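Asks: So that you have it, the file is run.cif, and it contains mmCIF, C-alpha atoms:
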data_final
loop_
_atom_site.label_atom_id
_atom_site.label_comp_id
_atom_site.auth_asym_id
_atom_site.auth_seq_id
_atom_site.Cartn_x
_atom_site.Cartn_y
_atom_site.Cartn_z
CA ASP A 164 -40.41 -30.83 -7.23
CA GLN A 165 -38.60 -28.31 -5.04
CA GLN A 166 -37.58 -25.59 -7.49
CA VAL A 167 -35.95 -23.44 -4.82
CA LYS A 168 -33.92 -25.21 -2.16
CA GLN A 169 -32.46 -23.96 1.08
CA ASN A 170 -30.58 -26.98 2.29
CA SER A 171 -29.62 -25.61 5.70
CA PRO A 172 -32.65 -25.55 8.00
CA SER A 173 -30.80 -23.53 10.61
CA LEU A 174 -27.73 -21.38 11.15
CA SER A 175 -26.23 -19.96 14.32
CA VAL A 176 -23.67 -17.14 14.34
CA GLN A 177 -22.13 -14.82 16.88
CA GLU A 178 -23.14 -11.17 16.98
CA GLY A 179 -20.85 -9.06 14.81
CA ARG A 180 -19.80 -11.95 12.56
CA ILE A 181 -20.97 -12.67 9.03
CA SER A 182 -24.10 -14.73 8.34
CA ILE A 183 -24.21 -16.54 5.01
CA LEU A 184 -27.48 -18.07 3.91
CA ASN A 185 -27.47 -20.24 0.80
CA CYS A 186 -30.07 -21.05 -1.82
CA ASP A 187 -30.07 -23.27 -4.91
CA TYR A 188 -32.62 -23.33 -7.71
CA THR A 189 -33.47 -25.60 -10.58
CA ASN A 190 -35.89 -23.55 -12.70
CA SER A 191 -34.07 -21.71 -15.49
CA MET A 192 -37.18 -19.56 -16.03
CA PHE A 193 -36.50 -17.57 -12.87
CA ASP A 194 -35.34 -14.12 -13.86
CA TYR A 195 -35.27 -12.53 -10.44
CA PHE A 196 -34.74 -13.61 -6.85
CA LEU A 197 -35.85 -12.20 -3.54
CA TRP A 198 -34.93 -12.67 0.07
CA TYR A 199 -37.56 -12.30 2.76
CA LYS A 200 -37.39 -12.36 6.53
CA LYS A 201 -40.16 -13.80 8.66
CA TYR A 202 -40.98 -13.74 12.36
CA PRO A 203 -43.42 -16.27 13.87
CA ALA A 204 -47.12 -15.60 13.18
CA GLU A 205 -46.28 -12.68 10.89
CA GLY A 206 -46.13 -12.24 7.15
CA PRO A 207 -42.70 -12.19 5.49
CA THR A 208 -41.04 -8.82 4.96
CA PHE A 209 -38.93 -7.92 1.95
CA LEU A 210 -35.15 -7.70 2.42
CA ILE A 211 -33.38 -7.54 -0.91
CA SER A 212 -33.74 -8.67 -4.50
CA ILE A 213 -31.54 -9.37 -7.50
CA SER A 214 -32.20 -9.59 -11.20
CA SER A 215 -30.80 -12.57 -13.08
CA ILE A 216 -28.73 -10.17 -15.22
CA LYS A 217 -26.70 -9.14 -12.18
CA ASP A 218 -24.35 -11.08 -9.95
CA LYS A 219 -24.43 -8.87 -6.88
CA ASN A 220 -26.75 -6.46 -5.12
CA GLU A 221 -25.96 -4.66 -1.90
CA ASP A 222 -28.19 -2.80 0.55
CA GLY A 223 -26.61 -1.75 3.81
CA ARG A 224 -25.64 -4.83 5.81
CA PHE A 225 -27.28 -7.15 3.28
CA THR A 226 -25.64 -8.39 0.08
CA VAL A 227 -27.02 -10.98 -2.30
CA PHE A 228 -24.73 -12.85 -4.70
CA LEU A 229 -26.00 -14.74 -7.73
CA ASN A 230 -24.06 -17.44 -9.59
CA LYS A 231 -26.22 -18.31 -12.60
CA SER A 232 -23.98 -21.06 -13.92
CA ALA A 233 -24.22 -22.86 -10.59
CA LYS A 234 -27.87 -21.86 -10.07
CA HIS A 235 -26.89 -20.68 -6.64
CA LEU A 236 -27.43 -17.53 -4.63
CA SER A 237 -26.43 -16.44 -1.18
CA LEU A 238 -27.38 -13.74 1.28
CA HIS A 239 -24.61 -12.19 3.37
CA ILE A 240 -25.40 -10.23 6.50
CA VAL A 241 -22.50 -8.23 7.91
CA PRO A 242 -22.30 -7.55 10.78
CA SER A 243 -24.96 -9.85 12.17
CA GLN A 244 -27.14 -8.49 14.95
CA PRO A 245 -29.43 -10.29 17.44
CA GLY A 246 -32.43 -8.60 15.80
CA ASP A 247 -31.59 -10.47 12.60
CA SER A 248 -32.71 -13.70 14.24
CA ALA A 249 -35.63 -14.92 12.12
CA VAL A 250 -36.50 -17.31 9.32
CA TYR A 251 -35.06 -16.28 5.96
CA PHE A 252 -36.72 -17.32 2.74
CA CYS A 253 -35.19 -17.36 -0.69
CA LEU A 254 -37.68 -16.85 -3.54
CA GLY A 255 -37.38 -17.38 -7.27
CA GLY A 256 -39.68 -15.48 -9.60
CA SER A 257 -40.58 -15.52 -13.28
CA SER A 258 -41.79 -12.28 -14.85
CA ASN A 259 -43.09 -14.37 -17.75
CA THR A 260 -45.42 -16.61 -15.75
CA GLY A 261 -45.91 -14.39 -12.74
CA LYS A 262 -45.08 -17.31 -10.50
CA LEU A 263 -43.13 -16.86 -7.26
CA ILE A 264 -41.69 -19.88 -5.49
CA PHE A 265 -40.39 -20.05 -1.92
CA GLY A 266 -37.52 -22.09 -0.58
CA GLN A 267 -38.05 -24.00 2.65
CA GLY A 268 -36.46 -21.31 4.76
CA THR A 269 -33.40 -21.11 7.03
CA THR A 270 -33.73 -20.17 10.68
CA LEU A 271 -30.96 -17.79 11.64
CA GLN A 272 -30.01 -17.31 15.27
CA VAL A 273 -27.59 -14.52 16.12
CA LYS A 274 -26.16 -14.94 19.59
CA PRO A 275 -25.14 -11.88 21.66
CA ASP B 54 -52.24 3.19 5.21
CA GLY B 55 -51.90 0.83 2.28
CA GLY B 56 -51.53 -2.86 2.86
CA ILE B 57 -53.00 -6.33 2.82
CA THR B 58 -55.54 -7.45 5.34
CA GLN B 59 -56.15 -11.09 6.11
CA SER B 60 -58.97 -11.98 8.38
CA PRO B 61 -59.46 -13.58 10.75
CA LYS B 62 -56.05 -14.17 12.31
CA TYR B 63 -57.19 -17.47 13.86
CA LEU B 64 -59.95 -19.68 12.50
CA PHE B 65 -61.36 -22.93 13.78
CA ARG B 66 -63.60 -25.21 11.75
CA LYS B 67 -65.05 -28.66 12.06
CA GLU B 68 -63.83 -31.35 9.73
CA GLY B 69 -65.90 -31.58 6.55
CA GLN B 70 -66.88 -27.91 6.46
CA ASN B 71 -65.82 -25.51 3.76
CA VAL B 72 -64.19 -22.32 5.02
CA THR B 73 -63.28 -19.10 3.19
CA LEU B 74 -60.24 -17.02 4.10
CA SER B 75 -60.38 -13.34 3.30
CA CYS B 76 -57.62 -11.31 1.63
CA GLU B 77 -58.10 -7.63 0.80
CA GLN B 78 -55.52 -5.14 -0.49
CA ASN B 79 -55.71 -1.41 -1.09
CA LEU B 80 -52.36 -1.13 -2.84
CA ASN B 81 -53.83 -1.14 -6.35
CA HIS B 82 -51.77 -4.26 -7.05
CA ASP B 83 -52.70 -6.37 -10.05
CA ALA B 84 -51.32 -9.71 -8.87
CA MET B 85 -52.33 -11.65 -5.78
CA TYR B 86 -51.16 -14.96 -4.32
CA TRP B 87 -52.08 -17.56 -1.71
CA TYR B 88 -49.47 -19.62 0.11
CA ARG B 89 -49.64 -22.31 2.73
CA GLN B 90 -47.01 -22.90 5.40
CA ASP B 91 -46.53 -26.19 7.22
CA PRO B 92 -43.80 -26.83 9.79
CA GLY B 93 -40.48 -27.52 8.10
CA GLN B 94 -41.85 -27.09 4.59
CA GLY B 95 -41.60 -23.37 3.93
CA LEU B 96 -44.35 -21.70 1.94
CA ARG B 97 -46.05 -23.46 -0.94
CA LEU B 98 -48.04 -21.73 -3.66
CA ILE B 99 -51.75 -22.61 -3.77
CA TYR B 100 -53.21 -20.21 -6.34
CA TYR B 101 -52.24 -16.92 -7.94
CA SER B 102 -53.97 -14.30 -10.01
CA GLN B 103 -52.32 -11.75 -12.29
CA ILE B 104 -55.49 -9.92 -13.26
CA VAL B 105 -59.15 -9.66 -12.33
CA ASN B 106 -61.30 -12.64 -13.37
CA ASP B 107 -58.26 -14.79 -14.04
CA PHE B 108 -56.25 -17.10 -11.81
CA GLN B 109 -53.89 -20.06 -12.08
CA LYS B 110 -53.20 -23.11 -9.97
CA GLY B 111 -50.02 -23.23 -7.98
CA ASP B 112 -48.22 -26.32 -6.76
CA ILE B 113 -50.81 -27.51 -4.24
CA ALA B 114 -54.20 -26.35 -5.56
CA GLU B 115 -56.11 -29.57 -4.88
CA GLY B 116 -58.87 -29.04 -2.33
CA TYR B 117 -58.82 -25.26 -2.69
CA SER B 118 -60.74 -22.76 -4.79
CA VAL B 119 -60.39 -19.02 -5.38
CA SER B 120 -62.14 -16.15 -7.10
CA ARG B 121 -60.94 -12.77 -8.33
CA GLU B 122 -64.04 -10.73 -9.03
CA LYS B 123 -62.48 -7.53 -7.77
CA LYS B 124 -58.94 -6.24 -7.99
CA GLU B 125 -58.82 -5.69 -4.24
CA SER B 126 -60.02 -9.11 -3.14
CA PHE B 127 -58.75 -12.68 -3.55
CA PRO B 128 -60.64 -15.01 -1.20
CA LEU B 129 -59.49 -18.59 -0.72
CA THR B 130 -61.95 -21.38 0.03
CA VAL B 131 -60.62 -24.46 1.77
CA THR B 132 -63.00 -27.22 0.79
CA SER B 133 -63.79 -30.49 2.52
CA ALA B 134 -61.74 -32.18 -0.21
CA GLN B 135 -58.53 -30.76 1.27
CA LYS B 136 -57.14 -33.64 3.32
CA ASN B 137 -54.90 -31.69 5.68
CA PRO B 138 -56.31 -28.16 5.92
CA THR B 139 -54.76 -27.21 9.27
CA ALA B 140 -51.97 -24.76 8.37
CA PHE B 141 -50.86 -21.14 8.30
CA TYR B 142 -52.15 -19.35 5.18
CA LEU B 143 -50.50 -16.26 3.71
CA CYS B 144 -51.83 -13.91 1.08
CA ALA B 145 -49.57 -11.62 -0.96
CA SER B 146 -49.84 -9.05 -3.71
CA SER B 147 -47.54 -7.35 -6.19
CA ILE B 148 -47.67 -4.56 -8.75
CA THR B 149 -47.48 -6.96 -11.65
CA GLY B 150 -46.97 -10.66 -12.09
CA GLY B 151 -43.27 -10.31 -11.56
CA THR B 152 -41.27 -7.60 -9.91
CA LEU B 153 -37.89 -6.99 -8.36
CA TYR B 154 -39.41 -4.55 -5.93
CA GLY B 155 -40.91 -7.06 -3.62
CA TYR B 156 -44.23 -8.45 -2.74
CA THR B 157 -46.42 -7.33 0.11
CA PHE B 158 -47.65 -10.06 2.44
CA GLY B 159 -50.54 -10.12 4.83
CA SER B 160 -50.06 -11.21 8.43
CA GLY B 161 -51.62 -14.61 7.80
CA THR B 162 -54.52 -16.74 8.98
CA ARG B 163 -53.95 -19.81 11.09
CA LEU B 164 -56.65 -22.36 10.27
CA THR B 165 -57.25 -25.25 12.63
CA VAL B 166 -59.65 -28.01 11.66
CA VAL B 167 -60.91 -30.11 14.52
#
Could you spell out this file's structure in C-alpha coordinates?
Replies:
Amino acid sequence: DQQVKQNSPSLSVQEGRISILNCDYTNSMFDYFLWYKKYPAEGPTFLISISSIKDKNEDGRFTVFLNKSAKHLSLHIVPSQPGDSAVYFCLGGSSNTGKLIFGQGTTLQVKP
Amino acid sequence: DGGITQSPKYLFRKEGQNVTLSCEQNLNHDAMYWYRQDPGQGLRLIYYSQIVNDFQKGDIAEGYSVSREKKESFPLTVTSAQKNPTAFYLCASSITGGTLYGYTFGSGTRLTVV
(Lines of atoms letter the chains of each structure in order from A and count residues from 1; the text may use other names and numbers.)
(Lines give C-alpha, C1' and ligand atoms only; values in the text may rest on other atoms or scores of the structure.)
Protein backbone atom coordinates (compact mmCIF):
# COMPACT_ATOMS: atom_id res chain seq x y z
CA ASP A 1 0.00 0.00 0.00
CA GLN A 2 1.75 3.12 -1.28
CA GLN A 3 0.48 5.85 1.04
CA VAL A 4 2.53 8.57 -0.62
CA LYS A 5 2.79 8.50 -4.40
CA GLN A 6 4.99 10.42 -6.77
CA ASN A 7 3.72 9.27 -10.11
CA SER A 8 6.36 10.97 -12.24
CA PRO A 9 9.68 9.13 -11.95
CA SER A 10 11.53 11.89 -13.76
CA LEU A 11 11.23 15.50 -14.87
CA SER A 12 13.44 17.58 -17.14
CA VAL A 13 13.29 21.38 -17.29
CA GLN A 14 15.36 24.18 -18.73
CA GLU A 15 17.43 26.38 -16.45
CA GLY A 16 15.48 29.44 -15.35
CA ARG A 17 12.07 27.84 -15.88
CA ILE A 18 9.70 26.51 -13.23
CA SER A 19 9.95 22.93 -11.95
CA ILE A 20 6.75 21.42 -10.58
CA LEU A 21 6.97 18.16 -8.69
CA ASN A 22 3.74 16.45 -7.70
CA CYS A 23 2.76 14.16 -4.87
CA ASP A 24 -0.48 12.40 -3.91
CA TYR A 25 -1.31 10.73 -0.62
CA THR A 26 -3.98 8.39 0.66
CA ASN A 27 -3.51 8.45 4.44
CA SER A 28 -5.79 10.99 6.09
CA MET A 29 -3.74 10.70 9.29
CA PHE A 30 -0.89 12.70 7.79
CA ASP A 31 -0.83 16.11 9.43
CA TYR A 32 2.36 17.42 7.91
CA PHE A 33 4.37 16.94 4.73
CA LEU A 34 8.01 17.38 3.90
CA TRP A 35 10.09 17.63 0.76
CA TYR A 36 13.62 16.28 0.72
CA LYS A 37 16.36 16.38 -1.88
CA LYS A 38 18.80 13.54 -2.35
CA TYR A 39 22.04 13.11 -4.25
CA PRO A 40 23.41 9.62 -5.03
CA ALA A 41 25.07 7.80 -2.11
CA GLU A 42 24.09 10.58 0.31
CA GLY A 43 21.36 10.97 2.88
CA PRO A 44 18.36 13.16 1.99
CA THR A 45 18.48 16.81 2.99
CA PHE A 46 15.49 18.81 4.16
CA LEU A 47 14.00 21.37 1.75
CA ILE A 48 10.64 22.58 2.97
CA SER A 49 7.64 21.44 4.99
CA ILE A 50 3.96 22.25 5.33
CA SER A 51 1.41 21.62 8.03
CA SER A 52 -1.94 20.18 7.01
CA ILE A 53 -3.64 23.32 8.35
CA LYS A 54 -1.97 25.43 5.68
CA ASP A 55 -2.27 25.43 1.92
CA LYS A 56 0.99 27.12 1.02
CA ASN A 57 4.49 27.55 2.39
CA GLU A 58 7.25 29.48 0.68
CA ASP A 59 11.00 29.54 1.28
CA GLY A 60 13.08 31.38 -1.27
CA ARG A 61 12.84 29.62 -4.63
CA PHE A 62 10.83 26.76 -3.14
CA THR A 63 7.07 26.80 -2.60
CA VAL A 64 4.92 23.90 -1.48
CA PHE A 65 1.17 23.86 -2.15
CA LEU A 66 -1.24 21.56 -0.34
CA ASN A 67 -4.73 20.67 -1.55
CA LYS A 68 -6.26 18.61 1.26
CA SER A 69 -9.52 17.87 -0.51
CA ALA A 70 -7.61 16.36 -3.41
CA LYS A 71 -4.94 14.83 -1.15
CA HIS A 72 -2.37 16.40 -3.39
CA LEU A 73 0.70 18.53 -2.87
CA SER A 74 3.25 20.04 -5.19
CA LEU A 75 6.69 21.56 -4.94
CA HIS A 76 7.48 24.53 -7.18
CA ILE A 77 11.05 25.59 -7.83
CA VAL A 78 11.44 28.98 -9.47
CA PRO A 79 13.79 29.67 -11.14
CA SER A 80 15.27 26.22 -11.61
CA GLN A 81 19.05 25.92 -11.50
CA PRO A 82 21.36 23.11 -12.66
CA GLY A 83 22.35 22.52 -9.02
CA ASP A 84 18.74 21.56 -8.31
CA SER A 85 19.24 18.37 -10.30
CA ALA A 86 18.64 15.55 -7.79
CA VAL A 87 16.01 13.13 -6.60
CA TYR A 88 13.14 14.79 -4.74
CA PHE A 89 11.13 12.91 -2.17
CA CYS A 90 7.73 13.81 -0.84
CA LEU A 91 7.07 12.61 2.72
CA GLY A 92 3.88 12.35 4.73
CA GLY A 93 4.06 12.35 8.51
CA SER A 94 1.73 11.72 11.43
CA SER A 95 2.48 13.46 14.72
CA ASN A 96 0.10 10.99 16.37
CA THR A 97 1.89 7.80 15.34
CA GLY A 98 5.33 9.25 14.73
CA LYS A 99 5.40 7.52 11.37
CA LEU A 100 7.04 9.14 8.34
CA ILE A 101 6.42 7.71 4.88
CA PHE A 102 8.38 8.44 1.70
CA GLY A 103 7.09 8.67 -1.83
CA GLN A 104 9.04 6.89 -4.55
CA GLY A 105 10.91 9.99 -5.57
CA THR A 106 11.14 12.10 -8.74
CA THR A 107 14.44 12.66 -10.48
CA LEU A 108 14.72 16.27 -11.58
CA GLN A 109 17.17 17.27 -14.28
CA VAL A 110 17.71 20.97 -14.90
CA LYS A 111 19.44 21.58 -18.21
CA PRO A 112 21.71 24.61 -18.68
CA ASP B 1 29.29 19.10 15.15
CA GLY B 2 25.94 17.44 15.72
CA GLY B 3 24.69 14.82 13.35
CA ILE B 4 24.01 11.20 12.56
CA THR B 5 26.76 8.75 11.86
CA GLN B 6 26.18 5.55 9.96
CA SER B 7 28.98 3.10 9.69
CA PRO B 8 30.37 1.58 7.66
CA LYS B 9 29.56 3.28 4.36
CA TYR B 10 29.98 0.01 2.43
CA LEU B 11 29.47 -3.46 3.87
CA PHE B 12 29.84 -6.86 2.28
CA ARG B 13 28.52 -10.06 3.82
CA LYS B 14 28.10 -13.65 2.80
CA GLU B 15 24.62 -14.99 2.32
CA GLY B 16 23.19 -16.51 5.49
CA GLN B 17 25.11 -14.27 7.89
CA ASN B 18 23.50 -11.76 10.19
CA VAL B 19 24.91 -8.25 9.96
CA THR B 20 24.37 -5.19 12.17
CA LEU B 21 24.34 -1.65 10.81
CA SER B 22 25.31 1.11 13.18
CA CYS B 23 23.46 4.41 13.64
CA GLU B 24 24.56 6.95 16.23
CA GLN B 25 23.28 10.50 16.77
CA ASN B 26 24.44 13.27 19.07
CA LEU B 27 21.51 15.59 18.40
CA ASN B 28 19.61 14.61 21.54
CA HIS B 29 16.75 13.48 19.30
CA ASP B 30 14.10 11.22 20.79
CA ALA B 31 12.93 9.52 17.60
CA MET B 32 14.99 7.40 15.23
CA TYR B 33 14.16 5.58 12.00
CA TRP B 34 15.54 3.01 9.59
CA TYR B 35 14.75 3.07 5.88
CA ARG B 36 15.73 0.90 2.97
CA GLN B 37 16.15 2.12 -0.59
CA ASP B 38 15.95 -0.11 -3.65
CA PRO B 39 16.23 1.13 -7.23
CA GLY B 40 12.97 2.67 -8.40
CA GLN B 41 11.19 2.12 -5.09
CA GLY B 42 12.08 5.15 -3.01
CA LEU B 43 12.66 4.70 0.70
CA ARG B 44 10.64 2.23 2.73
CA LEU B 45 10.30 2.30 6.50
CA ILE B 46 11.77 -0.73 8.31
CA TYR B 47 11.55 0.19 12.00
CA TYR B 48 11.18 3.34 14.06
CA SER B 49 11.56 4.27 17.68
CA GLN B 50 10.03 7.26 19.44
CA ILE B 51 11.66 6.68 22.81
CA VAL B 52 14.35 4.58 24.46
CA ASN B 53 13.46 0.91 24.97
CA ASP B 54 10.51 1.15 22.60
CA PHE B 55 10.23 0.64 18.85
CA GLN B 56 7.61 -0.18 16.22
CA LYS B 57 7.61 -2.09 12.97
CA GLY B 58 7.45 -0.16 9.76
CA ASP B 59 6.19 -1.41 6.42
CA ILE B 60 8.94 -3.95 5.71
CA ALA B 61 10.15 -5.19 9.11
CA GLU B 62 10.34 -8.89 8.23
CA GLY B 63 13.90 -10.19 8.42
CA TYR B 64 15.13 -7.23 10.45
CA SER B 65 15.54 -6.51 14.15
CA VAL B 66 16.44 -3.40 16.12
CA SER B 67 17.20 -2.29 19.66
CA ARG B 68 17.03 1.08 21.39
CA GLU B 69 18.91 0.71 24.64
CA LYS B 70 20.37 4.19 24.45
CA LYS B 71 18.91 7.42 23.15
CA GLU B 72 21.91 7.96 20.89
CA SER B 73 21.97 4.56 19.22
CA PHE B 74 19.56 2.58 17.03
CA PRO B 75 21.36 -0.40 15.47
CA LEU B 76 19.67 -2.45 12.77
CA THR B 77 20.37 -6.16 12.37
CA VAL B 78 19.75 -7.69 8.97
CA THR B 79 19.11 -11.35 9.67
CA SER B 80 19.49 -14.37 7.42
CA ALA B 81 15.69 -14.41 7.20
CA GLN B 82 15.75 -11.28 5.05
CA LYS B 83 15.41 -12.62 1.51
CA ASN B 84 16.84 -9.66 -0.40
CA PRO B 85 19.18 -7.81 1.96
CA THR B 86 21.30 -6.07 -0.68
CA ALA B 87 20.19 -2.42 -0.54
CA PHE B 88 21.04 1.10 0.60
CA TYR B 89 20.07 1.64 4.25
CA LEU B 90 19.37 5.06 5.75
CA CYS B 91 19.01 6.03 9.38
CA ALA B 92 17.24 9.21 10.49
CA SER B 93 16.34 11.01 13.69
CA SER B 94 13.98 13.75 14.78
CA ILE B 95 13.24 15.82 17.88
CA THR B 96 9.97 14.04 18.51
CA GLY B 97 7.87 11.48 16.72
CA GLY B 98 6.53 14.09 14.38
CA THR B 99 7.85 17.47 13.43
CA LEU B 100 7.53 20.09 10.75
CA TYR B 101 11.14 21.05 11.22
CA GLY B 102 12.64 18.18 9.37
CA TYR B 103 14.44 15.02 10.06
CA THR B 104 18.18 14.53 10.01
CA PHE B 105 19.46 11.67 7.90
CA GLY B 106 22.73 9.82 7.98
CA SER B 107 24.76 9.31 4.82
CA GLY B 108 23.70 5.68 4.52
CA THR B 109 25.22 2.21 4.41
CA ARG B 110 25.27 0.21 1.22
CA LEU B 111 25.00 -3.48 2.10
CA THR B 112 25.92 -6.08 -0.48
CA VAL B 113 25.30 -9.74 0.23
CA VAL B 114 27.25 -12.14 -1.92
Asks: For Ala84 of chain B, which residue out of B:Leu164, B:Val72, B:Cys144, B:Ile104 is the nearest one, using all atoms listed in the file?
Replies: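 Between B:Leu164, B:Val72, B:Cys144, B:Ile104, the residue approaching Ala84 of chain B most closely is B:Ile104.
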Asks: List as a tab-separated table every residue of chain B that is in contact with chain A, defined as an atom at most 12 Å from one of its atoms (using only C-alpha atoms), together with the nearest atom pair and the distance in Å rounded to one decimal, sorted by chain and then rising number.
Replies:
residue	atom	partner	partner_atom	distance
B:Gly56	CA	A:Gly206	CA	11.6
B:Ile57	CA	A:Gly206	CA	10.0
B:Thr58	CA	A:Gly206	CA	10.7
B:Gln59	CA	A:Gly206	CA	10.1
B:Lys62	CA	A:Ala204	CA	9.1
B:Tyr63	CA	A:Ala204	CA	10.3
B:Asp83	CA	A:Gly261	CA	10.8
B:Ala84	CA	A:Gly261	CA	8.1
B:Met85	CA	A:Gly261	CA	9.9
B:Tyr86	CA	A:Leu263	CA	8.8
B:Trp87	CA	A:Leu263	CA	10.6
B:Tyr88	CA	A:Phe265	CA	9.3
B:Arg89	CA	A:Phe265	CA	10.6
B:Gln90	CA	A:Gln267	CA	9.4
B:Asp91	CA	A:Gln267	CA	9.9
B:Pro92	CA	A:Gln267	CA	9.6
B:Gly93	CA	A:Gln267	CA	6.9
B:Gln94	CA	A:Gln267	CA	5.3
B:Gly95	CA	A:Gln267	CA	3.8
B:Leu96	CA	A:Phe265	CA	5.8
B:Arg97	CA	A:Phe265	CA	6.7
B:Leu98	CA	A:Ile264	CA	6.9
B:Ile99	CA	A:Ile264	CA	10.6
B:Tyr100	CA	A:Lys262	CA	9.6
B:Tyr101	CA	A:Lys262	CA	7.6
B:Ser102	CA	A:Gly261	CA	8.5
B:Gln103	CA	A:Gly261	CA	6.9
B:Ile104	CA	A:Gly261	CA	10.6
B:Phe108	CA	A:Gly261	CA	10.7
B:Gln109	CA	A:Lys262	CA	9.4
B:Lys110	CA	A:Lys262	CA	10.0
B:Gly111	CA	A:Lys262	CA	8.1
B:Asp112	CA	A:Asp164	CA	9.0
B:Ile113	CA	A:Asp164	CA	11.3
B:Ala140	CA	A:Ala204	CA	11.4
B:Phe141	CA	A:Ala204	CA	8.3
B:Tyr142	CA	A:Gly206	CA	9.5
B:Leu143	CA	A:Gly206	CA	6.9
B:Cys144	CA	A:Gly206	CA	8.5
B:Ala145	CA	A:Gly206	CA	8.8
B:Ser146	CA	A:Leu263	CA	10.9
B:Ser147	CA	A:Gly261	CA	9.8
B:Ile148	CA	A:Gly261	CA	10.8
B:Thr149	CA	A:Gly261	CA	7.7
B:Gly150	CA	A:Gly261	CA	3.9
B:Gly151	CA	A:Ser258	CA	4.1
B:Thr152	CA	A:Ser258	CA	6.8
B:Leu153	CA	A:Ser212	CA	5.9
B:Tyr154	CA	A:Ser212	CA	7.2
B:Gly155	CA	A:Phe209	CA	6.0
B:Tyr156	CA	A:Phe209	CA	7.1
B:Thr157	CA	A:Thr208	CA	7.4
B:Phe158	CA	A:Gly206	CA	5.4
B:Gly159	CA	A:Gly206	CA	5.4
B:Ser160	CA	A:Gly206	CA	4.3
B:Gly161	CA	A:Gly206	CA	6.0
B:Thr162	CA	A:Ala204	CA	8.6
B:Arg163	CA	A:Ala204	CA	8.3
Asks: I'd like the interatomic distance between atom CA of Phe65 of chain B and atom CA of Asn106 of chain B, to a tenth of an Å.
Replies: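 Between atom CA of Phe65 of chain B and atom CA of Asn106 of chain B the gap is 29.0 Å.
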Asks: To one decimal place, how far is atom CA of Tyr202 of chain A from atom CA of Leu238 of chain A in Å?
Replies: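 Going from atom CA of Tyr202 of chain A over to atom CA of Leu238 of chain A, I get 17.5 Å.
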Asks: Find the distance between atom CA of Gly246 of chain A and atom CA of Arg180 of chain A and write it in Å to one decimal.
Replies: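 Calculated distance between atom CA of Gly246 of chain A and atom CA of Arg180 of chain A is 13.5 Å.
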Asks: When the PyMOL selection byres ((chain B and resi 67) around 12) is applied to the file above, which residues end up in the set, as a list in words?
Replies: Leu64, Phe65, Arg66, Glu68, Gly69, Gln70, Asn71, Val72, Val131, Thr132, Ser133, Pro138, Thr139, Leu164, Thr165, Val166 and Val167 of chain B
Asks: Could you save the residues just selected, with C-alpha atoms, as an mmCIF file, in the coordinates of the input?
Replies:
data_model
loop_
_atom_site.group_PDB
_atom_site.id
_atom_site.type_symbol
_atom_site.label_atom_id
_atom_site.label_comp_id
_atom_site.auth_asym_id
_atom_site.auth_seq_id
_atom_site.Cartn_x
_atom_site.Cartn_y
_atom_site.Cartn_z
ATOM 1 C CA LEU B 64 -59.950 -19.680 12.500
ATOM 2 C CA PHE B 65 -61.360 -22.930 13.780
ATOM 3 C CA ARG B 66 -63.600 -25.210 11.750
ATOM 4 C CA GLU B 68 -63.830 -31.350 9.730
ATOM 5 C CA GLY B 69 -65.900 -31.580 6.550
ATOM 6 C CA GLN B 70 -66.880 -27.910 6.460
ATOM 7 C CA ASN B 71 -65.820 -25.510 3.760
ATOM 8 C CA VAL B 72 -64.190 -22.320 5.020
ATOM 9 C CA VAL B 131 -60.620 -24.460 1.770
ATOM 10 C CA THR B 132 -63.000 -27.220 0.790
ATOM 11 C CA SER B 133 -63.790 -30.490 2.520
ATOM 12 C CA PRO B 138 -56.310 -28.160 5.920
ATOM 13 C CA THR B 139 -54.760 -27.210 9.270
ATOM 14 C CA LEU B 164 -56.650 -22.360 10.270
ATOM 15 C CA THR B 165 -57.250 -25.250 12.630
ATOM 16 C CA VAL B 166 -59.650 -28.010 11.660
ATOM 17 C CA VAL B 167 -60.910 -30.110 14.520
#
Asks: Take the PyMOL selection byres ((chain A and resi 178) around 12), run it mentally on this structure, and tell me the resulting residues as a list in words.
Replies: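 Expected selection for the PyMOL selection byres ((chain A and resi 178) around 12) here is Ser175, Val176, Gln177, Gly179, Arg180, Ile181, Ser182, Ile240, Val241, Pro242, Ser243, Gln244, Pro245, Gly246, Asp247, Ser248, Leu271, Gln272, Val273, Lys274 and Pro275 of chain A.
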Asks: Report as a PyMOL selection string the residues that result from applying the PyMOL selection byres ((chain B and resi 119) around 6) to the structure here.
Replies: chain B and resi 118+120+128-129
